[in-house]
>>> print(open('upload-v8.cif').read())   # mmCIF, C-alpha atoms and all ligand atoms
data_final
loop_
_atom_site.label_atom_id
_atom_site.label_comp_id
_atom_site.auth_asym_id
_atom_site.auth_seq_id
_atom_site.Cartn_x
_atom_site.Cartn_y
_atom_site.Cartn_z
CA MET A 726 -37.31 -52.52 -5.25
CA LYS A 727 -39.81 -50.48 -7.17
CA LEU A 728 -38.56 -48.56 -10.19
CA GLY A 729 -39.17 -45.27 -8.36
CA THR A 730 -37.06 -46.39 -5.43
CA ILE A 731 -34.23 -47.51 -7.72
CA ARG A 732 -34.30 -44.12 -9.44
CA LEU A 733 -34.15 -42.38 -6.10
CA VAL A 734 -31.18 -44.49 -5.00
CA LEU A 735 -29.37 -43.85 -8.29
CA TRP A 736 -29.96 -40.10 -8.09
CA SER A 737 -28.74 -40.09 -4.51
CA LEU A 738 -25.54 -41.81 -5.65
CA VAL A 739 -25.08 -39.25 -8.44
CA ALA A 740 -25.63 -36.37 -6.04
CA PHE A 741 -23.25 -37.93 -3.52
CA ALA A 742 -20.55 -38.39 -6.18
CA ALA A 743 -21.02 -34.81 -7.39
CA VAL A 744 -20.57 -33.44 -3.88
CA GLY A 745 -17.46 -35.59 -3.54
CA LEU A 746 -16.01 -34.31 -6.80
CA VAL A 747 -16.70 -30.69 -5.95
CA THR A 748 -15.10 -31.17 -2.53
CA ALA A 749 -12.08 -32.91 -4.04
CA TYR A 750 -11.72 -30.16 -6.63
CA GLY A 751 -11.97 -27.53 -3.92
CA VAL A 752 -9.26 -29.18 -1.85
CA LEU A 753 -6.98 -29.75 -4.85
CA HIS A 754 -7.54 -26.26 -6.16
CA TRP A 755 -6.87 -24.83 -2.74
CA THR A 756 -3.61 -26.75 -2.55
CA ASP A 757 -2.64 -25.85 -6.09
CA ASP A 758 -3.39 -22.24 -5.33
CA GLY A 759 -0.68 -22.26 -2.74
CA ALA A 760 -2.87 -21.30 0.18
CA PRO A 761 -0.38 -21.56 2.99
CA SER A 762 -0.48 -24.67 5.11
CA GLY A 763 0.10 -24.64 8.84
CA LYS A 764 3.56 -26.00 8.16
CA ALA A 765 4.41 -23.10 5.86
CA GLN A 766 3.19 -20.60 8.46
CA ALA A 767 5.36 -22.14 11.12
CA GLU A 768 8.43 -21.98 8.90
CA LEU A 769 7.93 -18.50 7.48
CA GLY A 770 11.14 -16.58 7.59
CA ALA A 771 13.24 -19.68 7.05
CA PRO A 772 16.81 -18.51 6.54
CA PHE A 773 18.24 -18.57 3.03
CA SER A 774 21.30 -17.39 1.18
CA LEU A 775 20.64 -16.53 -2.48
CA LEU A 776 21.35 -13.87 -5.12
CA ASP A 777 19.25 -10.96 -6.31
CA HIS A 778 19.00 -10.11 -10.00
CA THR A 779 22.07 -7.88 -9.80
CA GLY A 780 24.10 -10.84 -8.50
CA GLU A 781 24.29 -9.45 -4.95
CA PRO A 782 23.74 -11.79 -1.98
CA ILE A 783 20.24 -11.69 -0.49
CA THR A 784 18.95 -13.35 2.68
CA GLU A 785 15.71 -13.67 4.66
CA ALA A 786 16.48 -10.22 6.11
CA ALA A 787 15.13 -8.78 2.85
CA PHE A 788 11.62 -9.93 3.79
CA ALA A 789 11.68 -8.24 7.22
CA GLY A 790 10.65 -4.75 8.27
CA ARG A 791 8.65 -3.80 5.16
CA PRO A 792 5.34 -4.96 3.69
CA THR A 793 6.27 -7.50 1.06
CA ALA A 794 4.69 -9.18 -1.96
CA LEU A 795 6.38 -12.47 -2.80
CA PHE A 796 5.87 -14.55 -5.93
CA PHE A 797 7.53 -17.79 -7.09
CA GLY A 798 7.81 -18.71 -10.77
CA PHE A 799 10.23 -18.94 -13.69
CA THR A 800 11.12 -16.83 -16.71
CA HIS A 801 10.27 -19.52 -19.30
CA CYS A 802 6.71 -19.62 -17.96
CA PRO A 803 4.32 -19.27 -20.90
CA GLU A 804 1.50 -17.45 -19.13
CA VAL A 805 1.08 -17.34 -15.36
CA CYS A 806 4.37 -15.65 -14.49
CA PRO A 807 4.43 -12.96 -17.18
CA THR A 808 0.77 -12.21 -16.43
CA THR A 809 1.39 -12.00 -12.69
CA LEU A 810 4.47 -9.81 -13.02
CA TYR A 811 2.61 -7.56 -15.44
CA GLU A 812 -0.27 -7.31 -12.97
CA MET A 813 2.05 -6.73 -10.00
CA ALA A 814 3.66 -3.85 -11.88
CA GLY A 815 0.15 -2.49 -12.49
CA TRP A 816 -0.84 -2.76 -8.81
CA ILE A 817 2.33 -0.98 -7.73
CA GLY A 818 1.73 1.71 -10.34
CA GLU A 819 -1.85 2.15 -9.17
CA LEU A 820 -0.78 2.46 -5.52
CA GLY A 821 1.70 5.16 -6.49
CA GLU A 822 3.03 7.11 -3.51
CA GLU A 823 0.88 5.02 -1.17
CA GLY A 824 2.83 1.91 -2.15
CA LYS A 825 6.33 3.36 -1.84
CA ASP A 826 7.22 1.10 1.14
CA LEU A 827 6.07 -2.08 -0.57
CA MET A 828 8.79 -4.57 -1.45
CA ALA A 829 8.16 -7.07 -4.24
CA TYR A 830 10.13 -10.22 -5.05
CA PHE A 831 10.04 -12.76 -7.84
CA VAL A 832 11.80 -15.98 -6.80
CA THR A 833 12.63 -18.39 -9.59
CA VAL A 834 11.90 -22.09 -9.10
CA ASP A 835 14.09 -22.74 -12.18
CA PRO A 836 17.55 -21.53 -11.10
CA GLU A 837 19.16 -23.86 -13.67
CA ARG A 838 18.06 -21.52 -16.49
CA ASP A 839 17.29 -18.36 -14.50
CA THR A 840 20.72 -16.92 -13.79
CA PRO A 841 20.90 -13.42 -12.24
CA GLU A 842 21.46 -12.00 -15.76
CA VAL A 843 18.34 -13.74 -17.11
CA MET A 844 16.34 -12.63 -14.06
CA GLN A 845 17.51 -9.05 -14.44
CA SER A 846 16.49 -8.65 -18.05
CA TYR A 847 13.19 -10.43 -17.38
CA VAL A 848 12.06 -8.64 -14.24
CA THR A 849 13.16 -5.14 -15.26
CA ALA A 850 11.14 -5.49 -18.45
CA PHE A 851 8.02 -5.27 -16.23
CA THR A 852 9.04 -2.75 -13.57
CA ASP A 853 12.00 -1.49 -11.57
CA ARG A 854 10.09 -2.29 -8.35
CA ILE A 855 10.36 -6.09 -8.38
CA THR A 856 13.57 -7.81 -7.30
CA GLY A 857 14.41 -11.16 -8.86
CA ILE A 858 15.87 -13.89 -6.66
CA THR A 859 17.84 -16.93 -7.84
CA GLY A 860 20.85 -18.99 -6.78
CA ASP A 861 21.72 -22.45 -5.57
CA GLU A 862 19.12 -25.05 -6.56
CA GLY A 863 18.97 -26.63 -3.08
CA GLU A 864 18.58 -23.24 -1.39
CA ILE A 865 15.80 -22.29 -3.81
CA ALA A 866 13.98 -25.57 -3.15
CA ARG A 867 14.32 -25.06 0.60
CA LEU A 868 12.92 -21.52 0.37
CA ALA A 869 10.02 -22.60 -1.84
CA ASP A 870 9.25 -25.51 0.47
CA ALA A 871 9.36 -23.23 3.51
CA TRP A 872 6.61 -21.13 1.94
CA GLY A 873 4.57 -24.19 1.00
CA VAL A 874 5.18 -23.45 -2.68
CA TYR A 875 4.59 -26.36 -5.03
CA HIS A 876 7.32 -26.59 -7.70
CA LYS A 877 8.00 -29.48 -10.03
CA LYS A 878 10.10 -29.93 -13.16
CA VAL A 879 8.01 -31.38 -16.00
CA PRO A 880 9.79 -32.76 -19.11
CA LEU A 881 8.39 -31.68 -22.49
CA GLU A 882 8.28 -33.84 -25.62
CA ASP A 883 10.97 -31.81 -27.40
CA GLY A 884 13.48 -32.59 -24.64
CA ASP A 885 12.95 -29.23 -22.99
CA TYR A 886 11.17 -28.85 -19.67
CA THR A 887 8.68 -26.63 -17.95
CA MET A 888 7.94 -26.00 -14.27
CA ASP A 889 4.66 -26.52 -12.49
CA HIS A 890 4.37 -24.10 -9.62
CA THR A 891 2.09 -22.39 -7.15
CA ALA A 892 0.61 -19.25 -8.70
CA SER A 893 -0.31 -17.19 -5.63
CA VAL A 894 1.32 -13.96 -4.53
CA PHE A 895 2.14 -14.03 -0.80
CA LEU A 896 1.47 -10.89 1.20
CA VAL A 897 3.89 -10.64 4.11
CA GLN A 898 3.55 -8.13 6.95
CA PRO A 899 6.59 -6.17 8.16
CA ASP A 900 6.84 -8.49 11.19
CA GLY A 901 7.15 -11.50 8.87
CA GLN A 902 3.60 -12.75 9.43
CA LEU A 903 1.71 -13.89 6.37
CA GLN A 904 -1.31 -11.62 5.88
CA GLY A 905 -2.80 -13.49 2.96
CA THR A 906 -2.41 -14.23 -0.72
CA ILE A 907 -3.53 -12.85 -4.06
CA ALA A 908 -4.69 -15.74 -6.24
CA TYR A 909 -3.91 -15.96 -9.94
CA GLY A 910 -6.68 -14.26 -11.87
CA GLU A 911 -8.01 -12.29 -8.90
CA SER A 912 -9.47 -8.94 -9.98
CA ASN A 913 -7.27 -5.86 -10.08
CA ASP A 914 -9.49 -4.07 -7.55
CA THR A 915 -9.33 -6.92 -5.04
CA ALA A 916 -5.57 -7.22 -5.43
CA VAL A 917 -5.00 -3.50 -4.88
CA GLN A 918 -7.39 -3.55 -1.91
CA LYS A 919 -5.40 -6.41 -0.34
CA LEU A 920 -2.15 -4.52 -0.88
CA ARG A 921 -3.67 -1.42 0.75
CA MET A 922 -4.58 -3.55 3.76
CA LEU A 923 -1.03 -4.90 3.84
CA LEU A 924 0.42 -1.39 3.65
CA GLY A 925 -1.82 -0.32 6.52
CA SER A 926 -0.86 -3.23 8.76
NI NI B 1 4.70 -19.46 -14.07
#
>>> encode(input="upload-v8.cif", output="structure tokens", more="lines below")
Ligand code: NI
Amino acid sequence: MKLGTIRLVLWSLVAFAAVGLVTAYGVLHWTDDGAPSGKAQAELGAPFSLLDHTGEPITEAAFAGRPTALFFGFTHCPEVCPTTLYEMAGWIGELGEEGKDLMAYFVTVDPERDTPEVMQSYVTAFTDRITGITGDEGEIARLADAWGVYHKKVPLEDGDYTMDHTASVFLVQPDGQLQGTIAYGESNDTAVQKLRMLLGS
């Protein structure tokens, strides 16, 4: 082959690899972002029996009949969860009267540490409009799985552990249908706009 041809072949390979990487990143990022899979959609509304942050029983009935924002995380989260709860409180504040029917839930994926007491002091530090949900570890895992939420315990070097988890907020219509998600880091305006759409549905 001539040098020019070899160069062309090499560049084609580079371009091909780049497209592959971008595609792979897109797919992984999409998955990591918790965009709901077909499986999650089919199982939305999966029954559960857990506790709210006051220690009262809570079931799937809580997600029915009202527009709902649903977020999974854990109170020891260094960044994503406190940021998201802070932002959620801001969105609700911005909606004001318009958002009075919106329900908002923060489900822990770390029930081992997040007792109702821990959830209460954590969630109420942001707003009185978000209800914390915790309870039996198996029930929590089943609920998270039913929503297609990735959650994994990751040991830390000091013997402690952290949790990897999906960072999207799920927007659920009053009839239990998933309307969409708010991704971590999405702009305040977009998030509020999506919530307005949810409230109008
Ligand atoms: Ni988190």
>>> residues_near_ligand(input="upload-v8.cif", ligand="ligand NI 1 (chain B)", cutoff="9 Å", atoms="all atoms listed in the file", output="PDB file with C-alpha atoms, in the coordinates of the input")
ATOM      1  CA  PHE A 797       7.530 -17.790  -7.090  1.00  0.00           C
ATOM      2  CA  GLY A 798       7.810 -18.710 -10.770  1.00  0.00           C
ATOM      3  CA  PHE A 799      10.230 -18.940 -13.690  1.00  0.00           C
ATOM      4  CA  THR A 800      11.120 -16.830 -16.710  1.00  0.00           C
ATOM      5  CA  HIS A 801      10.270 -19.520 -19.300  1.00  0.00           C
ATOM      6  CA  CYS A 802       6.710 -19.620 -17.960  1.00  0.00           C
ATOM      7  CA  PRO A 803       4.320 -19.270 -20.900  1.00  0.00           C
ATOM      8  CA  GLU A 804       1.500 -17.450 -19.130  1.00  0.00           C
ATOM      9  CA  VAL A 805       1.080 -17.340 -15.360  1.00  0.00           C
ATOM     10  CA  CYS A 806       4.370 -15.650 -14.490  1.00  0.00           C
ATOM     11  CA  PRO A 807       4.430 -12.960 -17.180  1.00  0.00           C
ATOM     12  CA  THR A 808       0.770 -12.210 -16.430  1.00  0.00           C
ATOM     13  CA  THR A 809       1.390 -12.000 -12.690  1.00  0.00           C
ATOM     14  CA  MET A 888       7.940 -26.000 -14.270  1.00  0.00           C
ATOM     15  CA  ASP A 889       4.660 -26.520 -12.490  1.00  0.00           C
ATOM     16  CA  HIS A 890       4.370 -24.100  -9.620  1.00  0.00           C
ATOM     17  CA  THR A 891       2.090 -22.390  -7.150  1.00  0.00           C
ATOM     18  CA  ALA A 892       0.610 -19.250  -8.700  1.00  0.00           C
TER      19      ALA A 892
END
>>> closest_residue(input="upload-v8.cif", among="A:Val874, A:Ala814, A:Met922, A:Val832", to="Gly860 in chain A", atoms="all atoms listed in the file")
A:Val832
>>> closest_residue(input="upload-v8.cif", among="A:Val843, A:Val834, A:Leu923, A:Ile865", to="Leu775 in chain A", atoms="all atoms listed in the file")
A:Ile865
>>> atom_distance(input="upload-v8.cif", atom1="CA of Met828 in chain A", atom2="CA of Lys878 in chain A")
28.0 Å
>>> closest_residue(input="upload-v8.cif", among="A:Ala829, A:Asp835, A:Arg791, A:Asp777", to="Ala866 in chain A", atoms="only C-alpha atoms")
A:Asp835
>>> atom_distance(input="upload-v8.cif", atom1="CA of Thr859 in chain A", atom2="CA of Met844 in chain A")
7.7 Å
>>> atom_distance(input="upload-v8.cif", atom1="CA of Phe788 in chain A", atom2="CA of Leu903 in chain A")
11.0 Å
>>> closest_residue(input="upload-v8.cif", among="A:Trp816, A:Ala794, A:Lys877, A:Gln902", to="Thr915 in chain A", atoms="only C-alpha atoms")
A:Trp816
>>> closest_residue(input="upload-v8.cif", among="A:Thr784, A:Ala871, A:Thr849, A:Lys919", to="Thr906 in chain A", atoms="all atoms listed in the file")
A:Lys919
>>> closest_residue(input="upload-v8.cif", among="A:Thr779, A:Ser912, A:Ser893, A:Ser774", to="Tyr847 in chain A", atoms="all atoms listed in the file")
A:Thr779
>>> residues_around(input="upload-v8.cif", residues="Glu785 in chain A", least_positions_apart="2", cutoff="9 Å", atoms="all atoms listed in the file", output="number ranges by chain")
A: 770-774, 783, 787-789
